[in-house]
Amino acid sequence: MEKCIEKYSKQTDYTYEIRIFVPDKPAPEEGFPIIYLLDGGWYFDLAKSVVRMQSRNKLKTNVHEAIVVGIGHSEETVRTRRFLDFTAHAEQYIFPERTNGKHMSNMPYGGAEQFERFLTTELKPWIEGQFAVNEKEQSLFGHSLAGYYALWTYFHRTETFQHYMAISPSVWWNDFELMKEQRTAVGNPTLIIAVGERESFMVEEARAFFEQLRDPRATFYVVPNENHASVVPTVMSRAFRTCFNQ
């Protein structure tokens, strides 16, 4: 089953496009695992196909039947809303010289707390009221700035998900603020960090972030021959397999 709804959030005062895929078979007793996909307008169809096709032979692929929830912004507002929803509040924002100030032109930042409350108090309860969800097998997938948000949630709201997938995460955000926090995730979540081999500075920044973590449940993968635009289709299947394998 597949459906698309518009869901207004009181927490963010914004209406999101929510796309949902549910396997066309009876749910297991504990419910289906669930994957929440940020930038759902871009990646939902890919994630749905990975789950639907590879779960047909899960003994070999280790991708199980799962619910996929894509959380998307409208095409008109996606650029500004990503910077608002996926970044944490700060008294000031410091940007690398390589950005040439392009992120500073009247862009709103710092709405991660409100977006997290949308997920935990509005979207997730609604999803769990509609479908058979395994509340102990919930994953979050984010790429680029959404990858930064996945890491922020991993540190600050660890209990929200059991598995975090941060692909090409923007760890440079606000002068590497997450690396400076030196936080340790509470509980025992899985964290997957992946980056394309051709993503220049992002490779070493992601590697440095991973090495600083010293977390035995975290894994790091450099995807051969991929760049920032091409890495997601290449790595998504591997990321899903890693989560299900836990």
# chains A, B, ... in the order shown; residues from 1 in each chain; ligands from 1
call {"tool": "closest_atom_pairs", "arguments": {"of": "segment 225-245 of chain A", "to": "segment 50-55 of chain A", "cutoff": "12 Å", "atoms": "only C-alpha atoms", "output": "tab-separated table"}}
result
residue	atom	partner	partner_atom	distance
A:Val232	CA	A:Val50	CA	11.8
A:Pro233	CA	A:Val50	CA	9.5
A:Thr234	CA	A:Val50	CA	10.9
A:Val235	CA	A:Val50	CA	10.8
A:Met236	CA	A:Val50	CA	7.8
A:Ser237	CA	A:Val50	CA	6.3
A:Arg238	CA	A:Val50	CA	10.0
A:Ala239	CA	A:Val50	CA	10.7
A:Phe240	CA	A:Val51	CA	8.3
A:Arg241	CA	A:Gln54	CA	9.7
A:Phe244	CA	A:Ser55	CA	10.9
call {"tool": "residues_around", "arguments": {"residues": "segment 209-213 of chain A", "least_positions_apart": "2", "cutoff": "12 Å", "atoms": "only C-alpha atoms", "output": "number ranges by chain"}}
result
A: 148, 151, 154-155, 166, 168-172, 176-185, 191-195, 202-207, 215-222
call {"tool": "atom_distance", "arguments": {"atom1": "atom CA of Thr87 of chain A", "atom2": "atom CA of Gly70 of chain A"}}
result
18.8 Å
call {"tool": "closest_residue", "arguments": {"among": "A:Glu91, A:Leu145, A:Asp24, A:His64", "to": "Arg79 of chain A", "atoms": "only C-alpha atoms"}}
result
A:Leu145
call {"tool": "select_by_dssp", "arguments": {"residues": "segment 40-98 of chain A", "states": "alpha helix (DSSP H)", "output": "list in words"}}
result
Gly40, Gly41, Trp42, Tyr43, Phe44, Asp45, Leu46, Ala47, Lys48, Ser49, Val50, Val51, Arg52, Met53, Gln54, Lys58, Leu59, Lys60, Thr61, Val78, Arg79, Thr80, Arg81, Arg82, Phe83, Leu84 and Asp85 of chain A
call {"tool": "atom_distance", "arguments": {"atom1": "atom CA of Ala66 of chain A", "atom2": "atom CA of Cys243 of chain A"}}
result
11.6 Å
call {"tool": "closest_residue", "arguments": {"among": "A:Glu29, A:Glu116, A:Glu76, A:Glu65", "to": "Thr12 of chain A", "atoms": "only C-alpha atoms"}}
result
A:Glu116
call {"tool": "atom_distance", "arguments": {"atom1": "atom CA of Glu97 of chain A", "atom2": "atom CA of Ala208 of chain A"}}
result
19.4 Å
call {"tool": "residues_around", "arguments": {"residues": "His73 of chain A", "least_positions_apart": "6", "cutoff": "10 Å", "atoms": "only C-alpha atoms", "output": "VMD selection string"}}
result
chain A and resid 14 to 18 38 to 42 79 to 82
call {"tool": "select_by_dssp", "arguments": {"residues": "segment 37-245 of chain A", "states": "strand (DSSP E or B)", "output": "VMD selection string"}}
result
chain A and resid 37 to 38 67 to 72 133 to 143 163 to 167 190 to 196 218 to 223
call {"tool": "write_last_selection", "arguments": {"atoms": "N, CA and C atoms", "output": "tab-separated table (two decimals), in the first residue's frame"}}
result
chain	number	residue	atom	x	y	z
A	37	LEU	N	12.35	8.89	6.41
A	37	LEU	CA	13.26	9.36	5.38
A	37	LEU	C	13.12	10.87	5.24
A	38	LEU	N	14.16	11.61	5.60
A	38	LEU	CA	14.16	13.05	5.38
A	38	LEU	C	14.38	13.35	3.90
A	67	ILE	N	7.98	-0.47	6.80
A	67	ILE	CA	7.24	0.74	6.42
A	67	ILE	C	8.26	1.83	6.11
A	68	VAL	N	8.03	2.58	5.04
A	68	VAL	CA	8.88	3.72	4.69
A	68	VAL	C	8.02	4.98	4.74
A	69	VAL	N	8.49	5.97	5.48
A	69	VAL	CA	7.78	7.24	5.58
A	69	VAL	C	8.69	8.35	5.07
A	70	GLY	N	8.32	8.97	3.97
A	70	GLY	CA	9.09	10.08	3.42
A	70	GLY	C	8.51	11.40	3.88
A	71	ILE	N	9.36	12.26	4.42
A	71	ILE	CA	8.94	13.57	4.92
A	71	ILE	C	9.49	14.63	3.97
A	72	GLY	N	8.62	15.31	3.25
A	72	GLY	CA	9.07	16.22	2.21
A	72	GLY	C	8.56	17.64	2.39
A	133	VAL	N	3.38	-0.81	13.71
A	133	VAL	CA	4.77	-0.39	13.76
A	133	VAL	C	5.49	-1.06	14.92
A	134	ASN	N	6.68	-1.57	14.63
A	134	ASN	CA	7.56	-2.08	15.69
A	134	ASN	C	8.28	-0.89	16.30
A	135	GLU	N	7.87	-0.47	17.46
A	135	GLU	CA	8.42	0.74	18.08
A	135	GLU	C	9.86	0.56	18.54
A	136	LYS	N	10.37	-0.68	18.49
A	136	LYS	CA	11.76	-0.92	18.88
A	136	LYS	C	12.68	-1.04	17.66
A	137	GLU	N	12.13	-0.84	16.47
A	137	GLU	CA	12.94	-0.93	15.25
A	137	GLU	C	12.60	0.24	14.34
A	138	GLN	N	13.03	1.44	14.76
A	138	GLN	CA	12.72	2.65	14.00
A	138	GLN	C	14.02	3.32	13.57
A	139	SER	N	14.07	3.73	12.33
A	139	SER	CA	15.29	4.28	11.73
A	139	SER	C	15.04	5.67	11.17
A	140	LEU	N	16.12	6.47	11.14
A	140	LEU	CA	16.09	7.81	10.54
A	140	LEU	C	17.19	7.89	9.49
A	141	PHE	N	16.84	8.34	8.28
A	141	PHE	CA	17.78	8.47	7.17
A	141	PHE	C	17.83	9.91	6.73
A	142	GLY	N	19.06	10.47	6.66
A	142	GLY	CA	19.22	11.84	6.18
A	142	GLY	C	20.49	12.01	5.39
A	143	HIS	N	20.44	12.85	4.37
A	143	HIS	CA	21.59	13.11	3.50
A	143	HIS	C	21.94	14.59	3.54
A	163	HIS	N	18.05	3.43	15.10
A	163	HIS	CA	19.06	3.40	14.05
A	163	HIS	C	19.11	4.77	13.36
A	164	TYR	N	20.33	5.26	13.15
A	164	TYR	CA	20.53	6.55	12.50
A	164	TYR	C	21.45	6.37	11.30
A	165	MET	N	21.04	6.92	10.15
A	165	MET	CA	21.83	6.85	8.93
A	165	MET	C	22.13	8.28	8.47
A	166	ALA	N	23.38	8.68	8.58
A	166	ALA	CA	23.81	10.03	8.21
A	166	ALA	C	24.71	9.92	6.98
A	167	ILE	N	24.18	10.27	5.82
A	167	ILE	CA	24.90	10.13	4.56
A	167	ILE	C	25.43	11.50	4.15
A	190	THR	N	22.30	2.42	16.85
A	190	THR	CA	23.17	2.18	15.71
A	190	THR	C	23.36	3.48	14.94
A	191	LEU	N	24.58	3.77	14.53
A	191	LEU	CA	24.84	4.95	13.71
A	191	LEU	C	25.67	4.53	12.49
A	192	ILE	N	25.21	4.92	11.31
A	192	ILE	CA	25.92	4.67	10.07
A	192	ILE	C	26.27	6.01	9.46
A	193	ILE	N	27.56	6.24	9.21
A	193	ILE	CA	28.02	7.44	8.52
A	193	ILE	C	28.66	7.00	7.22
A	194	ALA	N	28.19	7.55	6.12
A	194	ALA	CA	28.77	7.21	4.81
A	194	ALA	C	28.96	8.48	4.01
A	195	VAL	N	29.97	8.46	3.14
A	195	VAL	CA	30.28	9.63	2.33
A	195	VAL	C	30.91	9.15	1.02
A	196	GLY	N	30.66	9.87	-0.07
A	196	GLY	CA	31.22	9.50	-1.36
A	196	GLY	C	32.70	9.81	-1.45
A	218	ALA	N	28.89	2.48	15.95
A	218	ALA	CA	28.94	3.34	14.77
A	218	ALA	C	29.82	2.71	13.70
A	219	THR	N	29.42	2.87	12.44
A	219	THR	CA	30.20	2.39	11.32
A	219	THR	C	30.42	3.53	10.34
A	220	PHE	N	31.52	3.46	9.60
A	220	PHE	CA	31.88	4.49	8.64
A	220	PHE	C	32.25	3.84	7.33
A	221	TYR	N	31.75	4.42	6.24
A	221	TYR	CA	31.99	3.82	4.93
A	221	TYR	C	32.21	4.93	3.90
A	222	VAL	N	33.30	4.82	3.16
A	222	VAL	CA	33.57	5.71	2.03
A	222	VAL	C	33.13	4.97	0.77
A	223	VAL	N	32.20	5.55	0.02
A	223	VAL	CA	31.62	4.89	-1.14
A	223	VAL	C	32.49	5.17	-2.37
call {"tool": "closest_residue", "arguments": {"among": "A:Phe115, A:Tyr43, A:Ala88, A:Ile127", "to": "Ala229 of chain A", "atoms": "only C-alpha atoms"}}
result
A:Tyr43
